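Data block below; observations after.
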Amino acid sequence: MANRKILIVEDEPEIRNLLNIALTDDGFDVYEATDMQEAITQFDAVEPDLILLDIGPPATAGLETCAELRSYSNAPIVLISSRSGSSDIIQGLELGADDYIVKPFDPEVLVARVHANLRRTAIFRRDRKWEASAPAKDGVIAYAGLEIDPVRFQVLLDGKPIALVTKEFQLLVHLARNPGAVYTLEELYASVWGMESHGNTRTVIVHLSNLRKKLEPLPTRPTYIHNIRGVGYKFDPK
C-alpha cells in the first residue's frame, strides 16, 4: 500500500526541515511549499492526504491559502501557529481548517495529531477530480427535513444541499447517529479528531458554531443541535 502523502506549507526552512524529518521517519511521503501558488501547484501534482499549513506571521497569506485549498478539497488541513491565543487560529478554523498545532511543538505529538486527523478523514473526499457517485440507497440518516448521506458526503436540508467541510460533516454524523446523547467538548474531540483534546477544545466550538449556522434556520432557537449549558451538546430534532 502506498505511503500517505503530506504537503507542508511553511516558509521557514528550519521548521520545514523538522517537519519533513519527523514525518519521513514515520513513513509518510512529504512534499513542501513555501507560498500559496507553490502549495496549489504541489496540491494539484501530488493530491496530498493531509496539509500542514503555517499561518504566520503574517497570517493573511496562510489564511488565503487555507481558503483557496478548502474551496475545492476536503483533505484535512492542520494549521501551525506561533500564537496559541490568536484570533488567526479561529479565523483559520472558520475557513475550514480541521485542527491546529501551536509552536513550539513536540515532533512526536505532531505526528500523532497527523495520524489522528487521517484516521478521521471522510471516506469519500472531494477534490478537483471529484464527481458525484450514484445515489446511495442505504445508510442515509434521515430526520424531518434533514437527510445525511455518509457515503456521498452529502447533507440535504429541506431538500437543498448544505455545503459542509469534513469536520463539520463528521460532527453532524456522530451526533445524528446518537440522538439525545449529550457529549462534552472533550468527548467530541476524541470521537471526531481521534485523540484526547488536552484542552484544545476551541476547534470543536468553532466547528459546532459553523455547523449550527449552516444547519439551523434560527441558530438562537436550534432545531437539531442543542447546547446543554455547562455540559455539552446533543442532537435532538424537534
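Ordering of the C-alpha cells sets the chain letters (A, B, ...), residue numbers begin anew at 1 in every chain, and ligands are numbered from 1 in the order given.
All residues of protein, DNA or RNA that reach within 9 Å of A:Ala112, judged by only C-alpha atoms and not counting those fewer than 5 positions away in the chain, are Pro107, Asn117 and Met195 of chain A.
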Using the selection just defined, write its residues with N, CA, C and O atoms as a PDB file, in the first residue's frame.
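Listing of selection00.pdb after writing:
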```pdb
ATOM      1  N   PRO A 107       7.750  17.024  17.978  1.00  0.00           N
ATOM      2  CA  PRO A 107       7.553  16.326  16.704  1.00  0.00           C
ATOM      3  C   PRO A 107       6.741  15.042  16.836  1.00  0.00           C
ATOM      4  O   PRO A 107       5.947  14.714  15.949  1.00  0.00           O
ATOM      5  N   ASN A 117      -5.875  12.848  12.605  1.00  0.00           N
ATOM      6  CA  ASN A 117      -6.699  13.520  11.595  1.00  0.00           C
ATOM      7  C   ASN A 117      -6.911  12.648  10.370  1.00  0.00           C
ATOM      8  O   ASN A 117      -7.987  12.653   9.775  1.00  0.00           O
ATOM      9  N   MET A 195      -8.286  11.756  19.254  1.00  0.00           N
ATOM     10  CA  MET A 195      -7.349  11.704  20.372  1.00  0.00           C
ATOM     11  C   MET A 195      -7.837  12.635  21.463  1.00  0.00           C
ATOM     12  O   MET A 195      -8.781  13.409  21.264  1.00  0.00           O
TER      13      MET A 195
END
```
Rows by chain and residue number, stretch 66-128 of chain A within 9 Å of stretch 27-39 of chain A, shortest pair, only C-alpha atoms, as CSV:
```
residue,atom,partner,partner_atom,distance
A:Cys66,CA,A:Met36,CA,8.7
A:Glu68,CA,A:Met36,CA,8.4
A:Leu69,CA,A:Ala39,CA,8.6
```
Just how far from atom CA of A:Ser73 is atom CA of A:Thr166, in Å to one decimal? 9.5 Å
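The coordinates place atom CA of A:Leu53 at 6.9 Å from atom CA of A:Ile77.
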Residues of stretch 34-234 of chain A classed as strand (DSSP E) by DSSP on the backbone are to be reported as a PyMOL selection string. chain A and resi 50-54+77-81+99-102+141-143+146-149+154-157+160-161+225-228+232-234
Go ahead and write the selection's residues with C-alpha atoms as a PDB file, in the first residue's frame.
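Result written to result_19.pdb:
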```pdb
ATOM      1  CA  LEU A  50      -3.219  15.990   4.580  1.00  0.00           C
ATOM      2  CA  ILE A  51      -1.849  19.534   4.568  1.00  0.00           C
ATOM      3  CA  LEU A  52       0.232  21.151   7.328  1.00  0.00           C
ATOM      4  CA  LEU A  53      -0.172  24.897   6.878  1.00  0.00           C
ATOM      5  CA  ASP A  54       1.671  27.666   8.714  1.00  0.00           C
ATOM      6  CA  ILE A  77      -5.813  20.945   6.872  1.00  0.00           C
ATOM      7  CA  VAL A  78      -3.875  21.252  10.138  1.00  0.00           C
ATOM      8  CA  LEU A  79      -2.783  24.794  10.979  1.00  0.00           C
ATOM      9  CA  ILE A  80       0.549  25.570  12.621  1.00  0.00           C
ATOM     10  CA  SER A  81       0.702  28.819  14.604  1.00  0.00           C
ATOM     11  CA  ASP A  99      -7.164  21.278  13.606  1.00  0.00           C
ATOM     12  CA  TYR A 100      -4.261  23.394  14.818  1.00  0.00           C
ATOM     13  CA  ILE A 101      -0.886  22.903  16.474  1.00  0.00           C
ATOM     14  CA  VAL A 102       0.946  25.612  18.399  1.00  0.00           C
ATOM     15  CA  ILE A 141     -29.554   9.153   8.304  1.00  0.00           C
ATOM     16  CA  ALA A 142     -32.960  10.817   7.989  1.00  0.00           C
ATOM     17  CA  TYR A 143     -34.957  13.100  10.236  1.00  0.00           C
ATOM     18  CA  LEU A 146     -32.815  16.591   7.229  1.00  0.00           C
ATOM     19  CA  GLU A 147     -31.015  13.836   5.303  1.00  0.00           C
ATOM     20  CA  ILE A 148     -27.383  12.887   5.929  1.00  0.00           C
ATOM     21  CA  ASP A 149     -25.663  10.548   3.470  1.00  0.00           C
ATOM     22  CA  GLN A 154     -23.980  14.938   1.353  1.00  0.00           C
ATOM     23  CA  VAL A 155     -26.422  16.771   3.607  1.00  0.00           C
ATOM     24  CA  LEU A 156     -29.864  17.886   2.448  1.00  0.00           C
ATOM     25  CA  LEU A 157     -31.892  20.375   4.474  1.00  0.00           C
ATOM     26  CA  LYS A 160     -31.485  21.545  -0.554  1.00  0.00           C
ATOM     27  CA  PRO A 161     -27.776  20.610  -0.308  1.00  0.00           C
ATOM     28  CA  ILE A 225     -28.092  20.667  17.694  1.00  0.00           C
ATOM     29  CA  HIS A 226     -28.667  21.903  21.223  1.00  0.00           C
ATOM     30  CA  ASN A 227     -26.246  23.274  23.795  1.00  0.00           C
ATOM     31  CA  ILE A 228     -26.705  21.873  27.283  1.00  0.00           C
ATOM     32  CA  GLY A 232     -22.004  19.897  26.223  1.00  0.00           C
ATOM     33  CA  TYR A 233     -24.075  19.316  23.080  1.00  0.00           C
ATOM     34  CA  LYS A 234     -26.688  16.892  21.824  1.00  0.00           C
TER      35      LYS A 234
END
```
